[in-house]
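See below for work.tsv, which holds TSV, C-alpha atoms.
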chain	number	residue	atom	x	y	z
A	1	MET	CA	3.03	3.15	-2.66
A	2	GLN	CA	1.27	-0.09	-1.82
A	3	GLU	CA	2.09	-1.70	-5.21
A	4	GLU	CA	5.81	-1.38	-4.57
A	5	GLU	CA	5.47	-2.87	-1.10
A	6	LEU	CA	3.59	-5.84	-2.54
A	7	PHE	CA	6.09	-6.29	-5.36
A	8	PHE	CA	9.04	-6.35	-2.97
A	9	ARG	CA	7.32	-9.07	-0.93
A	10	LEU	CA	7.71	-11.44	-3.90
A	11	GLN	CA	10.68	-13.81	-3.91
A	12	ILE	CA	13.66	-12.28	-5.72
A	13	SER	CA	13.34	-14.89	-8.48
A	14	GLU	CA	9.67	-13.91	-9.02
A	15	GLN	CA	10.57	-10.21	-9.04
A	16	LYS	CA	13.18	-10.90	-11.73
A	17	HIS	CA	10.66	-12.90	-13.75
A	18	CYS	CA	8.08	-10.10	-13.58
A	19	ILE	CA	10.70	-7.51	-14.55
A	20	ASN	CA	11.81	-9.66	-17.49
A	21	VAL	CA	8.22	-9.92	-18.69
A	22	ALA	CA	7.85	-6.14	-18.36
A	23	TYR	CA	11.08	-5.52	-20.31
A	24	ALA	CA	10.00	-7.88	-23.08
A	25	ILE	CA	6.70	-6.03	-23.42
A	26	ARG	CA	8.45	-2.67	-23.34
A	27	ASP	CA	10.99	-3.66	-25.97
A	28	LYS	CA	8.97	-5.88	-28.29
A	29	GLU	CA	5.32	-4.86	-28.27
A	30	ILE	CA	3.78	-2.03	-30.25
A	31	THR	CA	0.53	-1.06	-28.60
A	32	PRO	CA	-1.08	2.09	-27.20
A	33	LYS	CA	-1.60	0.11	-23.96
A	34	LYS	CA	2.11	-0.47	-23.32
A	35	GLU	CA	2.22	1.22	-19.89
A	36	TYR	CA	-0.90	-0.70	-18.83
A	37	LEU	CA	0.73	-3.97	-19.96
A	38	ILE	CA	3.98	-3.19	-18.17
A	39	ARG	CA	2.07	-2.62	-14.95
A	40	LEU	CA	0.26	-5.93	-15.50
A	41	ALA	CA	3.59	-7.66	-16.11
A	42	LEU	CA	5.02	-6.35	-12.86
A	43	LEU	CA	1.98	-7.46	-10.84
A	44	HIS	CA	0.78	-10.59	-12.65
A	45	ASP	CA	2.31	-13.00	-10.10
A	46	ILE	CA	1.55	-10.91	-7.01
A	47	GLY	CA	-0.63	-13.71	-5.59
A	48	LYS	CA	2.59	-15.62	-4.92
A	49	ILE	CA	3.28	-13.43	-1.89
A	50	LYS	CA	0.83	-15.64	0.02
A	51	THR	CA	3.57	-18.19	0.68
A	52	LYS	CA	7.27	-18.65	-0.07
A	53	LEU	CA	7.63	-20.58	-3.32
A	54	THR	CA	11.32	-21.11	-4.04
A	55	PRO	CA	12.64	-22.00	-7.51
A	56	ILE	CA	13.19	-25.57	-6.22
A	57	ASP	CA	9.58	-25.75	-4.95
A	58	LYS	CA	8.34	-24.48	-8.29
A	59	ALA	CA	10.47	-26.97	-10.24
A	60	MET	CA	9.21	-29.85	-8.10
A	61	ILE	CA	5.58	-28.81	-8.60
A	62	VAL	CA	6.09	-28.44	-12.37
A	63	ILE	CA	7.54	-31.97	-12.51
A	64	LEU	CA	4.74	-33.30	-10.31
A	65	ASP	CA	2.20	-31.61	-12.57
A	66	LYS	CA	3.75	-33.18	-15.69
A	67	VAL	CA	4.05	-36.65	-14.14
A	68	THR	CA	0.46	-36.62	-12.84
A	69	LYS	CA	-0.90	-34.90	-15.99
A	70	GLY	CA	-2.38	-32.10	-13.92
A	71	LYS	CA	-3.82	-34.27	-11.16
A	72	ALA	CA	-1.42	-32.68	-8.65
A	73	ARG	CA	-3.93	-29.81	-8.54
A	74	LYS	CA	-6.06	-31.91	-6.16
A	75	TYR	CA	-3.36	-31.44	-3.51
A	76	ALA	CA	-4.09	-27.70	-3.32
A	77	ARG	CA	-4.68	-28.05	0.41
A	78	TYR	CA	-0.89	-27.73	0.65
A	79	LYS	CA	0.05	-24.03	0.62
A	80	LYS	CA	2.78	-24.19	-2.00
A	81	ILE	CA	0.72	-26.25	-4.42
A	82	LYS	CA	-2.27	-23.98	-3.85
A	83	VAL	CA	-0.23	-20.86	-4.57
A	84	TYR	CA	1.31	-22.43	-7.68
A	85	TYR	CA	-2.08	-23.26	-9.18
A	86	HIS	CA	-4.19	-20.41	-7.81
A	87	HIS	CA	-1.89	-17.38	-7.56
A	88	GLY	CA	-3.85	-15.63	-10.32
A	89	GLN	CA	-7.04	-15.74	-8.26
A	90	MET	CA	-5.11	-14.81	-5.11
A	91	GLY	CA	-3.56	-11.82	-6.89
A	92	TYR	CA	-6.98	-10.79	-8.20
A	93	GLU	CA	-8.43	-10.82	-4.67
A	94	LEU	CA	-5.44	-9.00	-3.17
A	95	LEU	CA	-5.48	-6.19	-5.74
A	96	LYS	CA	-9.27	-5.91	-5.65
A	97	GLU	CA	-9.07	-5.42	-1.87
A	98	ILE	CA	-6.48	-2.66	-2.29
A	99	GLY	CA	-8.64	-0.96	-4.90
A	100	GLY	CA	-7.76	1.40	-7.71
A	101	TYR	CA	-7.67	-1.21	-10.48
A	102	ASP	CA	-10.17	-1.50	-13.29
A	103	GLU	CA	-12.00	-4.79	-13.69
A	104	HIS	CA	-10.20	-5.67	-16.93
A	105	PHE	CA	-6.79	-5.34	-15.21
A	106	LEU	CA	-7.97	-7.59	-12.38
A	107	GLU	CA	-9.42	-10.16	-14.79
A	108	ILE	CA	-6.12	-10.37	-16.67
A	109	ILE	CA	-4.32	-10.99	-13.36
A	110	ARG	CA	-6.86	-13.71	-12.53
A	111	LYS	CA	-6.74	-15.38	-15.95
A	112	HIS	CA	-3.08	-15.08	-16.90
A	113	HIS	CA	-2.65	-18.87	-16.78
A	114	CYS	CA	-5.98	-19.71	-18.44
A	115	LYS	CA	-5.22	-20.72	-22.00
A	116	GLY	CA	-7.60	-20.52	-24.91
A	117	ASN	CA	-8.98	-17.02	-24.39
A	118	LYS	CA	-8.36	-15.52	-27.82
A	119	ASP	CA	-10.78	-12.61	-27.29
A	120	ASP	CA	-8.51	-10.53	-25.07
A	121	ALA	CA	-5.46	-9.18	-26.90
A	122	LEU	CA	-3.87	-7.78	-23.72
A	123	LEU	CA	-4.20	-11.10	-21.91
A	124	MET	CA	-2.64	-12.89	-24.89
A	125	ILE	CA	0.32	-10.48	-24.92
A	126	LEU	CA	0.94	-10.99	-21.21
A	127	GLN	CA	0.67	-14.76	-21.58
A	128	LYS	CA	3.10	-14.81	-24.50
A	129	TRP	CA	5.84	-12.98	-22.59
A	130	ASP	CA	5.08	-14.75	-19.30
A	131	ASP	CA	5.59	-18.11	-21.05
A	132	ARG	CA	8.82	-16.96	-22.68
A	133	ASN	CA	10.35	-15.55	-19.51

Representation of the structure as structure tokens:
Amino acid sequence: MQEEELFFRLQISEQKHCINVAYAIRDKEITPKKEYLIRLALLHDIGKIKTKLTPIDKAMIVILDKVTKGKARKYARYKKIKVYYHHGQMGYELLKEIGGYDEHFLEIIRKHHCKGNKDDALLMILQKWDDRN
């Protein structure tokens, strides 16, 4: 299955993160869309396969982002910074190319780091557990 191949291309730390998000949804959410959400949880960071982003890289970018108050985003010409900020869009494009995903699923992948969208309950659930894991 192509999904599994993609998932196993993620860094081990990212795989663990995605699995933790999936477990949290499985164990703590009551919704008829639980299986859909678990699948989203497992694939939400799939855009990060575009380049190796180690936990140290990620920590450095998070600190840089905090220190520059988000202005580090302008350095997206560097692969690791680009993947950190744009992995949602990259994942959207990757999964769209593979096919077999409905548009809502793809949009949640794309927007999982966009805050303030209170109209999409599934996106809000994914964001909650992504932030906590």

### Task
Write out as number ranges by chain each polymer residue whose atoms come within 12 Å of Lys48 (chain A), counting all atoms listed in the file; drop sequence neighbours fewer than 2 positions from it.
A: 6-15, 18, 43-46, 50-54, 58, 79-92, 94, 109

### Task
Skip Lys34 (chain A) itself and residues of its chain fewer than 5 positions away, then list as JSON, numbers by chain all residues within 12 Å of it, counting all atoms listed in the file.
{"A": [22, 23, 24, 25, 26, 27, 28, 29, 39, 40, 41, 122, 125, 126]}

May I have the residues within 10 Å of Ile98 (chain A) as a compact mmCIF listing (two decimals) with C-alpha atoms, in the frame of the given file, using only C-alpha atoms and disregarding those fewer than 4 positions away in the same chain?
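around34.txt was written with the following content:
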# COMPACT_ATOMS: atom_id res chain seq x y z
CA GLN A 2 1.27 -0.09 -1.82
CA GLU A 3 2.09 -1.70 -5.21
CA GLU A 93 -8.43 -10.82 -4.67
CA LEU A 94 -5.44 -9.00 -3.17

#### Entry: Pick from A:Asn117, A:Asn20, A:Asn133, A:Thr68, whichever lies nearest to Leu42 (chain A) using all atoms listed in the file
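Once distances to Leu42 (chain A) are computed over all atoms listed in the file, the minimum belongs to A:Asn20.
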
### Task
Could you please determine the separation between CA of Asp130 (chain A) and CA of Ala76 (chain A) in Å, to one decimal place?
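So the answer is 22.5 Å.
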
### Atomic separation - CA of Asp119 (chain A) relative to CA of His104 (chain A), Å
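Here the two named atoms are 12.5 Å from each other.
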
### Pairwise distance for CA of Ile108 (chain A) and CA of Leu123 (chain A), rounded to one decimal in Å
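Rounded to one decimal, the two atoms are 5.6 Å apart.
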
### Residue nearest Trp129 (chain A) among A:Leu37, A:Pro55, A:Tyr78, A:Glu5 (counting all atoms listed in the file)
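Using all atoms listed in the file, Trp129 (chain A) sits closest to A:Leu37.
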
#### Entry: Pick from A:Arg132, A:Ile49, A:Pro32, A:Tyr75 nearest to Ile61 (chain A), counting only C-alpha atoms
A:Tyr75
